[in-house]
Structure formats: C-alpha cells, structure tokens
Amino acid sequence: LDFTGGIFLCEFIVTFIFVSVILSIKYHNGANDLLINATAIGLTLFMCIIISGGISGGCVNPAIGLV
C-alpha cells in the first residue's frame, strides 16, 4: 500500500467514524438534549481531525485522499 492508499484509508475510516457518530446520535437522541448532541459531535470531529491530521492534513473527506 503506497502513501496515497494510506491517506485514502485513513480518511475513509475517520469519515466513517464521524458519520456513524452523527447518525447514532440522531437515531438515539433525536432532537432531545441539543447541547449534549452538539458537544458529542464537535468532540468527535475534533478527535477525527487530531487523528488524521498527521497523515492527511485533517480533512475529513475521503475524496481528498484520491487526489
């Protein structure tokens, strides 16, 4: 796996985690506890950027890894 494939894989995994957290919060909480939902989504995005920052620059978009 070359470096471009590693960037794509990193972006794909981080985007999957981010989207699955958003969908699980939407499914389980709905419109209740808006502050907690926003905090959880914001912290997830922050951690995704921190994790992928050294590999791909922290852009949570798998299409960037293909370019």
# chains A, B, ... in the order shown; residues from 1 in each chain; ligands from 1
call {"tool": "residues_around", "arguments": {"residues": "Ile41 (chain A)", "least_positions_apart": "6", "cutoff": "8 Å", "atoms": "only C-alpha atoms", "output": "PyMOL selection string"}}
result
chain A and resi 18+21-22
call {"tool": "select_by_dssp", "arguments": {"residues": "chain A", "states": "alpha helix (DSSP H)", "output": "PDB file with C-alpha atoms, in the first residue's frame"}}
result
ATOM      1  CA  PHE A   3       1.230   6.516   0.804  1.00  0.00           C
ATOM      2  CA  THR A   4      -1.740   7.683  -1.293  1.00  0.00           C
ATOM      3  CA  GLY A   5      -3.621   4.485  -0.416  1.00  0.00           C
ATOM      4  CA  GLY A   6      -2.798   5.064   3.249  1.00  0.00           C
ATOM      5  CA  ILE A   7      -4.182   8.585   3.076  1.00  0.00           C
ATOM      6  CA  PHE A   8      -7.381   7.338   1.450  1.00  0.00           C
ATOM      7  CA  LEU A   9      -7.762   4.558   4.021  1.00  0.00           C
ATOM      8  CA  CYS A  10      -7.210   6.972   6.906  1.00  0.00           C
ATOM      9  CA  GLU A  11      -9.742   9.440   5.514  1.00  0.00           C
ATOM     10  CA  PHE A  12     -12.264   6.663   4.854  1.00  0.00           C
ATOM     11  CA  ILE A  13     -12.033   5.282   8.401  1.00  0.00           C
ATOM     12  CA  VAL A  14     -12.170   8.708  10.064  1.00  0.00           C
ATOM     13  CA  THR A  15     -15.134   9.780   7.918  1.00  0.00           C
ATOM     14  CA  PHE A  16     -16.915   6.504   8.707  1.00  0.00           C
ATOM     15  CA  ILE A  17     -16.438   7.070  12.441  1.00  0.00           C
ATOM     16  CA  PHE A  18     -17.620  10.680  12.210  1.00  0.00           C
ATOM     17  CA  VAL A  19     -20.737   9.903  10.159  1.00  0.00           C
ATOM     18  CA  SER A  20     -21.653   6.888  12.300  1.00  0.00           C
ATOM     19  CA  VAL A  21     -21.450   9.002  15.472  1.00  0.00           C
ATOM     20  CA  ILE A  22     -23.721  11.632  13.907  1.00  0.00           C
ATOM     21  CA  LEU A  23     -26.234   9.012  12.764  1.00  0.00           C
ATOM     22  CA  SER A  24     -26.234   7.188  16.098  1.00  0.00           C
ATOM     23  CA  ILE A  25     -26.808  10.443  17.989  1.00  0.00           C
ATOM     24  CA  LYS A  26     -29.643  11.317  15.617  1.00  0.00           C
ATOM     25  CA  TYR A  27     -31.185   7.858  15.973  1.00  0.00           C
ATOM     26  CA  HIS A  28     -30.919   7.563  19.758  1.00  0.00           C
ATOM     27  CA  ASN A  29     -31.455  11.149  20.924  1.00  0.00           C
ATOM     28  CA  LEU A  34     -29.278  19.579  21.810  1.00  0.00           C
ATOM     29  CA  LEU A  35     -26.275  20.822  23.795  1.00  0.00           C
ATOM     30  CA  ILE A  36     -25.085  17.293  24.553  1.00  0.00           C
ATOM     31  CA  ASN A  37     -25.581  16.250  20.915  1.00  0.00           C
ATOM     32  CA  ALA A  38     -23.632  19.246  19.630  1.00  0.00           C
ATOM     33  CA  THR A  39     -20.841  18.661  22.143  1.00  0.00           C
ATOM     34  CA  ALA A  40     -20.525  14.978  21.234  1.00  0.00           C
ATOM     35  CA  ILE A  41     -20.434  15.728  17.504  1.00  0.00           C
ATOM     36  CA  GLY A  42     -17.941  18.564  17.998  1.00  0.00           C
ATOM     37  CA  LEU A  43     -15.627  16.419  20.124  1.00  0.00           C
ATOM     38  CA  THR A  44     -15.838  13.606  17.593  1.00  0.00           C
ATOM     39  CA  LEU A  45     -14.895  15.964  14.772  1.00  0.00           C
ATOM     40  CA  PHE A  46     -12.030  17.346  16.870  1.00  0.00           C
ATOM     41  CA  MET A  47     -10.683  13.850  17.569  1.00  0.00           C
ATOM     42  CA  CYS A  48     -11.042  12.842  13.907  1.00  0.00           C
ATOM     43  CA  ILE A  49      -9.016  15.872  12.855  1.00  0.00           C
ATOM     44  CA  ILE A  50      -6.373  15.193  15.512  1.00  0.00           C
ATOM     45  CA  ILE A  51      -6.102  11.518  14.472  1.00  0.00           C
ATOM     46  CA  SER A  52      -5.912  12.148  10.730  1.00  0.00           C
ATOM     47  CA  GLY A  53      -4.004  15.437  10.921  1.00  0.00           C
ATOM     48  CA  GLY A  54      -0.547  13.925  10.718  1.00  0.00           C
ATOM     49  CA  ILE A  55      -1.419  11.608   7.859  1.00  0.00           C
ATOM     50  CA  SER A  56      -3.672  13.591   5.556  1.00  0.00           C
ATOM     51  CA  PRO A  62     -12.092  10.514   1.555  1.00  0.00           C
ATOM     52  CA  ALA A  63     -12.176  12.148  -1.892  1.00  0.00           C
ATOM     53  CA  ILE A  64      -9.152  14.243  -0.850  1.00  0.00           C
ATOM     54  CA  GLY A  65      -7.116  11.046  -0.500  1.00  0.00           C
ATOM     55  CA  LEU A  66      -7.707  10.206  -4.151  1.00  0.00           C
TER      56      LEU A  66
END
call {"tool": "decode", "arguments": {"residues": "region 27-58 of chain A", "atoms": "N, CA, C and O atoms", "output": "mmCIF file, in the first residue's frame"}}
result
data_model
loop_
_atom_site.group_PDB
_atom_site.id
_atom_site.type_symbol
_atom_site.label_atom_id
_atom_site.label_comp_id
_atom_site.auth_asym_id
_atom_site.auth_seq_id
_atom_site.Cartn_x
_atom_site.Cartn_y
_atom_site.Cartn_z
ATOM 1 N N TYR A 27 -30.258 8.969 15.777
ATOM 2 C CA TYR A 27 -31.185 7.858 15.973
ATOM 3 C C TYR A 27 -31.582 7.712 17.436
ATOM 4 O O TYR A 27 -32.749 7.519 17.747
ATOM 5 N N HIS A 28 -30.626 7.817 18.349
ATOM 6 C CA HIS A 28 -30.919 7.563 19.758
ATOM 7 C C HIS A 28 -31.483 8.773 20.494
ATOM 8 O O HIS A 28 -32.331 8.629 21.363
ATOM 9 N N ASN A 29 -31.023 9.968 20.178
ATOM 10 C CA ASN A 29 -31.455 11.149 20.924
ATOM 11 C C ASN A 29 -32.453 12.006 20.165
ATOM 12 O O ASN A 29 -33.227 12.720 20.778
ATOM 13 N N GLY A 30 -32.413 11.990 18.857
ATOM 14 C CA GLY A 30 -33.320 12.837 18.088
ATOM 15 C C GLY A 30 -33.050 14.305 18.349
ATOM 16 O O GLY A 30 -31.925 14.767 18.251
ATOM 17 N N ALA A 31 -34.088 15.039 18.690
ATOM 18 C CA ALA A 31 -33.947 16.476 18.939
ATOM 19 C C ALA A 31 -33.848 16.788 20.425
ATOM 20 O O ALA A 31 -33.919 17.938 20.824
ATOM 21 N N ASN A 32 -33.694 15.769 21.257
ATOM 22 C CA ASN A 32 -33.547 15.990 22.702
ATOM 23 C C ASN A 32 -32.087 16.283 23.033
ATOM 24 O O ASN A 32 -31.182 15.824 22.358
ATOM 25 N N ASP A 33 -31.877 17.029 24.087
ATOM 26 C CA ASP A 33 -30.525 17.319 24.588
ATOM 27 C C ASP A 33 -29.627 17.887 23.493
ATOM 28 O O ASP A 33 -28.580 17.326 23.152
ATOM 29 N N LEU A 34 -30.015 19.009 22.935
ATOM 30 C CA LEU A 34 -29.278 19.579 21.810
ATOM 31 C C LEU A 34 -27.843 19.955 22.175
ATOM 32 O O LEU A 34 -26.946 19.790 21.358
ATOM 33 N N LEU A 35 -27.627 20.438 23.390
ATOM 34 C CA LEU A 35 -26.275 20.822 23.795
ATOM 35 C C LEU A 35 -25.366 19.595 23.895
ATOM 36 O O LEU A 35 -24.215 19.630 23.458
ATOM 37 N N ILE A 36 -25.884 18.514 24.441
ATOM 38 C CA ILE A 36 -25.085 17.293 24.553
ATOM 39 C C ILE A 36 -24.791 16.720 23.170
ATOM 40 O O ILE A 36 -23.671 16.271 22.897
ATOM 41 N N ASN A 37 -25.792 16.740 22.279
ATOM 42 C CA ASN A 37 -25.581 16.250 20.915
ATOM 43 C C ASN A 37 -24.511 17.067 20.197
ATOM 44 O O ASN A 37 -23.622 16.506 19.551
ATOM 45 N N ALA A 38 -24.606 18.375 20.292
ATOM 46 C CA ALA A 38 -23.632 19.246 19.630
ATOM 47 C C ALA A 38 -22.233 19.055 20.208
ATOM 48 O O ALA A 38 -21.239 19.039 19.455
ATOM 49 N N THR A 39 -22.141 18.875 21.510
ATOM 50 C CA THR A 39 -20.841 18.661 22.143
ATOM 51 C C THR A 39 -20.225 17.336 21.702
ATOM 52 O O THR A 39 -19.028 17.272 21.386
ATOM 53 N N ALA A 40 -21.038 16.287 21.649
ATOM 54 C CA ALA A 40 -20.525 14.978 21.234
ATOM 55 C C ALA A 40 -20.061 15.005 19.783
ATOM 56 O O ALA A 40 -18.997 14.466 19.449
ATOM 57 N N ILE A 41 -20.821 15.641 18.911
ATOM 58 C CA ILE A 41 -20.434 15.728 17.504
ATOM 59 C C ILE A 41 -19.187 16.593 17.344
ATOM 60 O O ILE A 41 -18.271 16.256 16.586
ATOM 61 N N GLY A 42 -19.119 17.694 18.061
ATOM 62 C CA GLY A 42 -17.941 18.564 17.998
ATOM 63 C C GLY A 42 -16.682 17.882 18.503
ATOM 64 O O GLY A 42 -15.615 18.000 17.890
ATOM 65 N N LEU A 43 -16.794 17.140 19.606
ATOM 66 C CA LEU A 43 -15.627 16.419 20.124
ATOM 67 C C LEU A 43 -15.204 15.293 19.187
ATOM 68 O O LEU A 43 -14.007 15.025 19.030
ATOM 69 N N THR A 44 -16.176 14.645 18.562
ATOM 70 C CA THR A 44 -15.838 13.606 17.593
ATOM 71 C C THR A 44 -15.105 14.193 16.399
ATOM 72 O O THR A 44 -14.103 13.630 15.934
ATOM 73 N N LEU A 45 -15.580 15.309 15.890
ATOM 74 C CA LEU A 45 -14.895 15.964 14.772
ATOM 75 C C LEU A 45 -13.492 16.389 15.174
ATOM 76 O O LEU A 45 -12.535 16.209 14.411
ATOM 77 N N PHE A 46 -13.342 16.934 16.372
ATOM 78 C CA PHE A 46 -12.030 17.346 16.870
ATOM 79 C C PHE A 46 -11.071 16.162 16.925
ATOM 80 O O PHE A 46 -9.925 16.249 16.473
ATOM 81 N N MET A 47 -11.545 15.025 17.469
ATOM 82 C CA MET A 47 -10.683 13.850 17.569
ATOM 83 C C MET A 47 -10.363 13.269 16.193
ATOM 84 O O MET A 47 -9.249 12.804 15.966
ATOM 85 N N CYS A 48 -11.312 13.325 15.265
ATOM 86 C CA CYS A 48 -11.042 12.842 13.907
ATOM 87 C C CYS A 48 -9.976 13.689 13.229
ATOM 88 O O CYS A 48 -9.103 13.165 12.527
ATOM 89 N N ILE A 49 -10.027 14.982 13.437
ATOM 90 C CA ILE A 49 -9.016 15.872 12.855
ATOM 91 C C ILE A 49 -7.660 15.650 13.507
ATOM 92 O O ILE A 49 -6.635 15.619 12.820
ATOM 93 N N ILE A 50 -7.635 15.448 14.818
ATOM 94 C CA ILE A 50 -6.373 15.193 15.512
ATOM 95 C C ILE A 50 -5.758 13.875 15.034
ATOM 96 O O ILE A 50 -4.555 13.783 14.782
ATOM 97 N N ILE A 51 -6.603 12.830 14.880
ATOM 98 C CA ILE A 51 -6.102 11.518 14.472
ATOM 99 C C ILE A 51 -5.566 11.562 13.039
ATOM 100 O O ILE A 51 -4.487 11.043 12.750
ATOM 101 N N SER A 52 -6.320 12.168 12.135
ATOM 102 C CA SER A 52 -5.912 12.148 10.730
ATOM 103 C C SER A 52 -5.035 13.330 10.341
ATOM 104 O O SER A 52 -4.581 13.398 9.200
ATOM 105 N N GLY A 53 -4.777 14.233 11.243
ATOM 106 C CA GLY A 53 -4.004 15.437 10.921
ATOM 107 C C GLY A 53 -2.598 15.160 10.461
ATOM 108 O O GLY A 53 -2.108 15.783 9.523
ATOM 109 N N GLY A 54 -1.927 14.221 11.090
ATOM 110 C CA GLY A 54 -0.547 13.925 10.718
ATOM 111 C C GLY A 54 -0.424 13.141 9.429
ATOM 112 O O GLY A 54 0.615 13.167 8.782
ATOM 113 N N ILE A 55 -1.479 12.462 9.044
ATOM 114 C CA ILE A 55 -1.419 11.608 7.859
ATOM 115 C C ILE A 55 -1.904 12.348 6.619
ATOM 116 O O ILE A 55 -1.260 12.330 5.576
ATOM 117 N N SER A 56 -3.077 12.993 6.737
ATOM 118 C CA SER A 56 -3.672 13.591 5.556
ATOM 119 C C SER A 56 -3.985 15.070 5.701
ATOM 120 O O SER A 56 -4.619 15.639 4.832
ATOM 121 N N GLY A 57 -3.593 15.669 6.771
ATOM 122 C CA GLY A 57 -3.848 17.089 6.958
ATOM 123 C C GLY A 57 -5.134 17.398 7.675
ATOM 124 O O GLY A 57 -5.494 18.554 7.831
ATOM 125 N N GLY A 58 -5.867 16.382 8.108
ATOM 126 C CA GLY A 58 -7.068 16.599 8.910
ATOM 127 C C GLY A 58 -8.306 16.952 8.137
ATOM 128 O O GLY A 58 -9.268 17.436 8.695
#
